[in-house]
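So this block is final-v6.tsv, TSV, C-alpha atoms:
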```tsv
chain	number	residue	atom	x	y	z
A	1	MET	CA	88.83	-30.31	102.30
A	2	ALA	CA	86.16	-32.70	101.39
A	3	ASN	CA	83.58	-30.07	102.21
A	4	GLN	CA	85.46	-27.48	100.29
A	5	GLY	CA	85.50	-29.75	97.33
A	6	LYS	CA	81.80	-30.31	97.62
A	7	ASN	CA	81.15	-26.63	97.81
A	8	GLN	CA	83.16	-26.04	94.71
A	9	SER	CA	81.26	-28.73	92.93
A	10	SER	CA	78.07	-27.15	93.99
A	11	ALA	CA	79.24	-23.79	92.80
A	12	ARG	CA	80.11	-25.16	89.41
A	13	THR	CA	76.92	-27.01	89.26
A	14	SER	CA	74.82	-23.89	90.04
A	15	ALA	CA	76.54	-21.60	87.54
A	16	PRO	CA	74.58	-22.83	84.57
A	17	ALA	CA	71.43	-22.08	86.48
A	18	LYS	CA	72.40	-18.39	86.59
A	19	GLY	CA	72.99	-18.47	82.90
A	20	SER	CA	69.57	-19.92	82.46
A	21	ALA	CA	68.16	-17.18	84.61
A	22	ARG	CA	69.79	-14.59	82.37
A	23	ASN	CA	68.42	-16.23	79.29
A	24	SER	CA	64.93	-16.33	80.70
A	25	GLY	CA	65.14	-12.77	81.92
A	26	GLY	CA	66.30	-11.53	78.45
A	27	ALA	CA	62.89	-12.25	76.84
A	28	GLY	CA	61.56	-8.85	77.93
A	29	ARG	CA	64.43	-6.82	76.54
A	30	PRO	CA	64.14	-4.42	73.59
A	31	GLY	CA	64.92	-5.79	70.11
A	32	THR	CA	63.24	-9.09	70.72
A	33	PRO	CA	60.25	-9.70	68.27
A	34	THR	CA	56.76	-9.71	69.82
A	35	GLN	CA	53.33	-11.05	68.63
A	36	SER	CA	51.43	-8.62	66.05
A	37	ARG	CA	48.27	-6.75	67.25
A	38	ARG	CA	44.82	-7.11	65.41
A	39	PRO	CA	43.00	-3.89	64.18
A	40	SER	CA	40.13	-2.72	66.33
A	41	PRO	CA	36.41	-2.99	65.18
A	42	ALA	CA	36.29	0.78	64.62
A	43	VAL	CA	39.05	0.48	62.02
A	44	TYR	CA	37.16	-2.31	60.21
A	45	ARG	CA	34.00	-0.19	60.22
A	46	ARG	CA	35.77	2.83	58.73
A	47	ARG	CA	37.34	0.63	56.04
A	48	ARG	CA	33.96	-0.84	55.09
A	49	GLN	CA	32.39	2.63	54.92
A	50	PHE	CA	35.17	3.84	52.65
A	51	VAL	CA	34.85	0.85	50.30
A	52	PHE	CA	31.03	1.20	50.19
A	53	GLY	CA	31.26	4.93	49.44
A	54	ALA	CA	33.76	4.32	46.64
A	55	LEU	CA	31.49	1.65	45.15
A	56	LEU	CA	28.51	4.05	45.20
A	57	LEU	CA	30.60	6.72	43.47
A	58	VAL	CA	31.63	4.30	40.71
A	59	ILE	CA	28.00	3.22	40.16
A	60	ALA	CA	26.86	6.86	39.98
A	61	LEU	CA	29.58	7.67	37.41
A	62	VAL	CA	28.59	4.65	35.28
A	63	VAL	CA	24.87	5.59	35.34
A	64	ALA	CA	25.65	9.20	34.47
A	65	GLY	CA	27.81	8.09	31.56
A	66	VAL	CA	25.12	5.76	30.20
A	67	MET	CA	22.47	8.51	30.43
A	68	ALA	CA	24.73	11.01	28.67
A	69	ILE	CA	25.41	8.57	25.81
A	70	SER	CA	21.69	7.74	25.48
A	71	GLY	CA	20.78	11.43	25.39
A	72	ALA	CA	23.37	12.12	22.69
A	73	LEU	CA	22.13	9.24	20.53
A	74	ALA	CA	18.50	10.33	20.99
A	75	SER	CA	19.27	13.93	20.02
A	76	LYS	CA	21.04	12.78	16.87
A	77	SER	CA	18.16	10.51	15.86
A	78	GLU	CA	15.49	13.24	16.18
A	79	PRO	CA	14.81	15.34	13.04
A	80	GLN	CA	15.61	19.03	13.24
A	81	ALA	CA	12.51	20.05	11.29
A	82	ILE	CA	9.18	18.33	10.65
A	83	ASN	CA	7.09	18.83	7.54
A	84	THR	CA	3.42	18.22	8.22
A	85	VAL	CA	1.84	16.05	5.50
A	86	GLU	CA	-1.79	15.07	5.23
A	87	PRO	CA	-2.35	11.32	5.48
A	88	SER	CA	-3.74	11.26	1.99
A	89	GLN	CA	-0.55	12.89	0.67
A	90	VAL	CA	1.89	10.41	2.20
A	91	PRO	CA	3.45	8.46	-0.68
A	92	THR	CA	3.41	4.69	-0.46
A	93	GLN	CA	6.17	2.40	-1.63
A	94	GLY	CA	6.23	2.17	-5.40
A	95	ASN	CA	3.74	5.02	-5.74
A	96	ALA	CA	5.78	8.10	-4.82
A	97	PRO	CA	4.66	11.31	-6.54
A	98	THR	CA	7.02	12.65	-9.15
A	99	ALA	CA	7.73	16.23	-10.10
A	100	GLY	CA	4.85	17.78	-11.98
A	101	THR	CA	2.34	15.20	-10.72
A	102	ALA	CA	-0.62	16.66	-8.85
A	103	SER	CA	-1.24	15.43	-5.35
A	104	PRO	CA	-4.21	13.01	-5.11
A	105	SER	CA	-5.91	15.31	-2.61
A	106	ALA	CA	-5.48	18.45	-4.75
A	107	LYS	CA	-8.65	19.42	-6.60
A	108	PRO	CA	-8.17	20.20	-10.31
A	109	THR	CA	-8.96	23.72	-11.43
A	110	PRO	CA	-12.35	23.78	-13.21
A	111	VAL	CA	-12.15	24.48	-16.93
A	112	CYS	CA	-14.91	26.07	-19.01
A	113	ASP	CA	-16.85	23.61	-21.13
A	114	LEU	CA	-18.67	25.51	-23.90
A	115	ASN	CA	-20.74	22.42	-24.60
A	116	LEU	CA	-22.53	23.16	-21.32
A	117	VAL	CA	-23.47	26.68	-22.45
A	118	THR	CA	-27.09	26.51	-23.61
A	119	VAL	CA	-29.52	28.86	-25.40
A	120	ALA	CA	-33.24	29.16	-24.65
A	121	ALA	CA	-36.08	31.05	-26.42
A	122	ALA	CA	-39.20	32.57	-24.90
A	123	THR	CA	-41.92	35.19	-25.56
A	124	ASP	CA	-43.40	37.57	-23.03
A	125	LYS	CA	-46.95	36.30	-23.77
A	126	PRO	CA	-48.42	33.12	-25.22
A	127	ALA	CA	-50.85	35.06	-27.48
A	128	TYR	CA	-51.04	38.61	-28.88
A	129	GLY	CA	-53.84	40.84	-30.06
A	130	ALA	CA	-53.92	42.50	-33.47
A	131	GLU	CA	-52.01	45.58	-32.28
A	132	GLU	CA	-49.58	43.87	-29.87
A	133	LYS	CA	-45.96	43.20	-30.77
A	134	PRO	CA	-44.21	40.10	-29.38
A	135	LEU	CA	-41.08	40.53	-27.26
A	136	LEU	CA	-38.63	37.77	-28.23
A	137	THR	CA	-36.18	36.82	-25.43
A	138	MET	CA	-32.90	34.88	-25.78
A	139	THR	CA	-31.32	33.44	-22.60
A	140	ILE	CA	-27.71	32.12	-22.54
A	141	THR	CA	-26.93	29.92	-19.51
A	142	ASN	CA	-23.62	28.47	-18.27
A	143	GLY	CA	-24.44	25.00	-16.99
A	144	GLY	CA	-20.81	24.11	-16.21
A	145	THR	CA	-18.70	24.38	-13.04
A	146	ALA	CA	-16.27	27.02	-14.32
A	147	PRO	CA	-16.74	30.58	-15.62
A	148	CYS	CA	-17.02	30.82	-19.40
A	149	GLU	CA	-16.30	33.69	-21.76
A	150	VAL	CA	-19.11	33.84	-24.31
A	151	ASN	CA	-19.56	36.17	-27.29
A	152	VAL	CA	-23.07	37.51	-26.86
A	153	GLY	CA	-22.75	40.28	-29.44
A	154	THR	CA	-25.10	40.90	-32.39
A	155	SER	CA	-22.53	39.20	-34.61
A	156	GLN	CA	-23.53	35.89	-33.00
A	157	MET	CA	-27.23	36.42	-32.22
A	158	GLU	CA	-30.16	35.64	-34.48
A	159	TYR	CA	-33.91	35.69	-33.82
A	160	VAL	CA	-35.87	33.53	-36.26
A	161	VAL	CA	-39.69	33.33	-36.60
A	162	MET	CA	-41.25	30.48	-38.53
A	163	SER	CA	-44.73	29.39	-39.53
A	164	GLY	CA	-44.43	25.68	-40.07
A	165	SER	CA	-41.65	25.35	-42.66
A	166	ASP	CA	-42.16	28.94	-43.89
A	167	ARG	CA	-39.40	31.29	-42.81
A	168	ILE	CA	-41.19	34.48	-41.75
A	169	PHE	CA	-38.50	36.63	-40.11
A	170	SER	CA	-34.75	36.74	-39.26
A	171	SER	CA	-33.02	39.53	-37.35
A	172	LYS	CA	-30.00	39.15	-39.64
A	173	ASP	CA	-31.88	39.85	-42.90
A	174	CYS	CA	-31.87	43.62	-42.51
A	175	GLN	CA	-29.20	44.03	-39.82
A	176	ALA	CA	-27.23	47.23	-40.56
A	177	GLY	CA	-24.17	46.31	-38.57
A	178	SER	CA	-22.95	43.78	-36.03
A	179	GLU	CA	-20.46	43.73	-33.21
A	180	ASP	CA	-18.83	41.30	-30.83
A	181	LEU	CA	-19.50	41.47	-27.10
A	182	VAL	CA	-17.65	38.95	-24.93
A	183	LYS	CA	-19.02	38.41	-21.44
A	184	THR	CA	-17.93	36.11	-18.64
A	185	ILE	CA	-20.83	33.99	-17.47
A	186	GLN	CA	-20.36	32.41	-14.05
A	187	PRO	CA	-21.43	28.80	-13.37
A	188	GLY	CA	-25.21	28.55	-13.12
A	189	LYS	CA	-25.69	32.14	-14.29
A	190	SER	CA	-27.38	33.53	-17.42
A	191	GLU	CA	-27.29	36.46	-19.83
A	192	THR	CA	-30.54	37.68	-21.39
A	193	ALA	CA	-31.19	39.67	-24.58
A	194	ASN	CA	-34.59	40.97	-25.79
A	195	PHE	CA	-35.75	41.73	-29.33
A	196	PRO	CA	-39.11	43.46	-30.00
A	197	TRP	CA	-40.52	41.99	-33.22
A	198	GLN	CA	-42.51	44.41	-35.35
A	199	ARG	CA	-44.67	41.64	-36.82
A	200	ASN	CA	-43.00	42.16	-40.18
A	201	ARG	CA	-41.77	39.69	-42.78
A	202	THR	CA	-38.19	39.71	-44.15
A	203	LEU	CA	-36.05	38.03	-46.83
A	204	GLU	CA	-32.33	37.31	-46.88
A	205	GLY	CA	-30.40	40.40	-47.97
A	206	CYS	CA	-33.34	42.56	-46.82
A	207	ALA	CA	-35.12	42.29	-50.16
A	208	ALA	CA	-38.45	44.14	-50.38
A	209	ILE	CA	-41.59	42.15	-49.57
A	210	ASP	CA	-45.15	43.34	-49.11
A	211	ALA	CA	-46.54	40.20	-47.46
A	212	LYS	CA	-47.18	40.27	-43.75
A	213	PRO	CA	-47.69	37.51	-41.24
A	214	GLY	CA	-51.23	36.31	-41.05
A	215	THR	CA	-53.69	36.97	-38.24
A	216	GLY	CA	-56.81	35.29	-37.05
A	217	GLY	CA	-55.17	33.08	-34.42
A	218	ALA	CA	-52.30	31.64	-36.45
A	219	TYR	CA	-49.50	29.95	-34.51
A	220	TYR	CA	-45.80	30.76	-34.94
A	221	THR	CA	-42.53	29.56	-33.49
A	222	PHE	CA	-39.54	31.51	-32.27
A	223	GLU	CA	-36.01	30.02	-32.33
A	224	ALA	CA	-33.02	31.75	-30.71
A	225	ARG	CA	-29.54	31.17	-32.18
A	226	LEU	CA	-26.11	32.08	-30.80
A	227	GLY	CA	-23.26	31.13	-33.10
A	228	ASN	CA	-23.68	27.41	-33.76
A	229	LYS	CA	-26.07	26.90	-30.84
A	230	SER	CA	-29.86	26.84	-31.28
A	231	SER	CA	-32.69	26.80	-28.77
A	232	ALA	CA	-35.83	24.75	-28.65
A	233	LYS	CA	-38.75	26.49	-30.36
A	234	ALA	CA	-41.13	28.67	-28.39
A	235	VAL	CA	-44.73	28.68	-29.69
A	236	PHE	CA	-46.94	31.77	-29.64
A	237	GLN	CA	-50.17	32.93	-31.29
A	238	LEU	CA	-51.00	36.03	-33.34
A	239	ASN	CA	-54.62	37.23	-33.42
```
Could I get this structure in the form of structure tokens?
Amino acid sequence: MANQGKNQSSARTSAPAKGSARNSGGAGRPGTPTQSRRPSPAVYRRRRQFVFGALLLVIALVVAGVMAISGALASKSEPQAINTVEPSQVPTQGNAPTAGTASPSAKPTPVCDLNLVTVAAATDKPAYGAEEKPLLTMTITNGGTAPCEVNVGTSQMEYVVMSGSDRIFSSKDCQAGSEDLVKTIQPGKSETANFPWQRNRTLEGCAAIDAKPGTGGAYYTFEARLGNKSSAKAVFQLN
């Protein structure tokens, strides 16, 4: 009985050991939490590639947006049309041209200056024989820079011959009629009119006179007149 009692004690004593064995064997059963697994290097690499690609896409979108905005601002700031202006015509501050004011570079249109229209007298020879008749020539010249309209008709012309202070002849003394003749004389150009003098003497109103100019080498002067203009005197000799 003593051995039986010992065996029973041993059996009781070993029972907890079986329970411990069950507890230790239950660690591998389903439902029991296990330690988490780390991602592989390939997964990390794919993640990095995805993040890098997304970053590049964002940068590209930002650059494209900035370029589009810059282009729009530049197109708005450029003028649609350009008027070409000479440097000399560009107005400066406080000196802008006003309406009706000629541009500094524009040349004014030349205007006729009748004061620059001159009259000259000449004879075809310096001396004449007893039977020769002097040809008196009047020359009207435009010395200005613009064309001038000048009345060169017989109403304005007069040929006067003098001997000292003695008035010998005037084409107006016995003039039957007169007319106007307006001609345009260009700058630097001339109009010429000739009058053959018959070596006769006249009085105002064409009064009769028997006296004739002297001979024997006497000197005379010819003066051409056009309106209120008079020439310098041309000297000639009658033999």
In Å, with one decimal, what is the gap from atom CA of A:Ala122 to atom CA of A:Leu136?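 Separating atom CA of A:Ala122 from atom CA of A:Leu136 is a distance of 6.2 Å.
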Using only C-alpha atoms, give me every residue within 10 Å of (-55.2, 43.6, -31.9) in file coordinates, as a list in words.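 Protein and nucleic acid residues near the point are Tyr128, Gly129, Ala130, Glu131, Glu132, Lys133, Thr215, Gly216, Leu238 and Asn239 of chain A.
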Selection: 6 Å around A:Leu181, all atoms listed in the file, excl. self and same-chain fewer than 2 positions, as an MDAnalysis selection string: chainID A and resid 151:153
Counting only C-alpha atoms, which residue out of A:Asp180, A:Asp173, A:Glu158, A:Glu204 sits closest to A:Ala224? A:Glu158
For A:Gly227, please output as a PyMOL selection string all residues within 8 Å (counting all atoms listed in the file; exclusion window: fewer than 2 positions along the same chain). chain A and resi 156-157+225+229
Closest of A:Leu57, A:Ala208, A:Val63, A:Val150 to A:Val182 - atom-to-atom distances counting only C-alpha atoms: A:Val150
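In this comparison, which uses all atoms listed in the file, the residue of A:Ile140, A:Leu56, A:Val51, A:Ala218 approaching A:Gly164 most closely is A:Ala218.
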So what do you get for atom CA of A:Glu149 versus atom CA of A:Phe195, distance-wise?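 The value is 22.4 Å.
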Which residue, A:Leu135, A:Ile185, A:Ala60, A:Ala211, has the smallest gap to A:Leu114 when you use only C-alpha atoms?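 Smallest separation from A:Leu114 among the options: A:Ile185.
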Need the shell around A:Thr141: protein/DNA/RNA residues with any atom at most 9 Å away, counting only C-alpha atoms. Skip same-chain ones fewer than 5 positions apart. Format as a PyMOL selection string? chain A and resi 116-120+185-192
What does the structure give for the distance between atom CA of A:Asn200 and atom CA of A:Phe169, in Å to one decimal?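 Computed distance, atom CA of A:Asn200 to atom CA of A:Phe169, equals 7.1 Å.
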Let me make sure I understand: among A:Ser105, A:Thr137, A:Asn115, A:Asn142, which one has the smallest atom-to-atom distance to A:Lys183 if we use all atoms listed in the file?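 Once distances to A:Lys183 are computed over all atoms listed in the file, the minimum belongs to A:Asn142.
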Excluding A:Asp166 and its own-chain neighbours fewer than 3 positions away, which residues fall within 12 Å of it when counting only C-alpha atoms? Please give them as number ranges by chain. A: 160-163, 169-170, 201-203, 213, 219-221
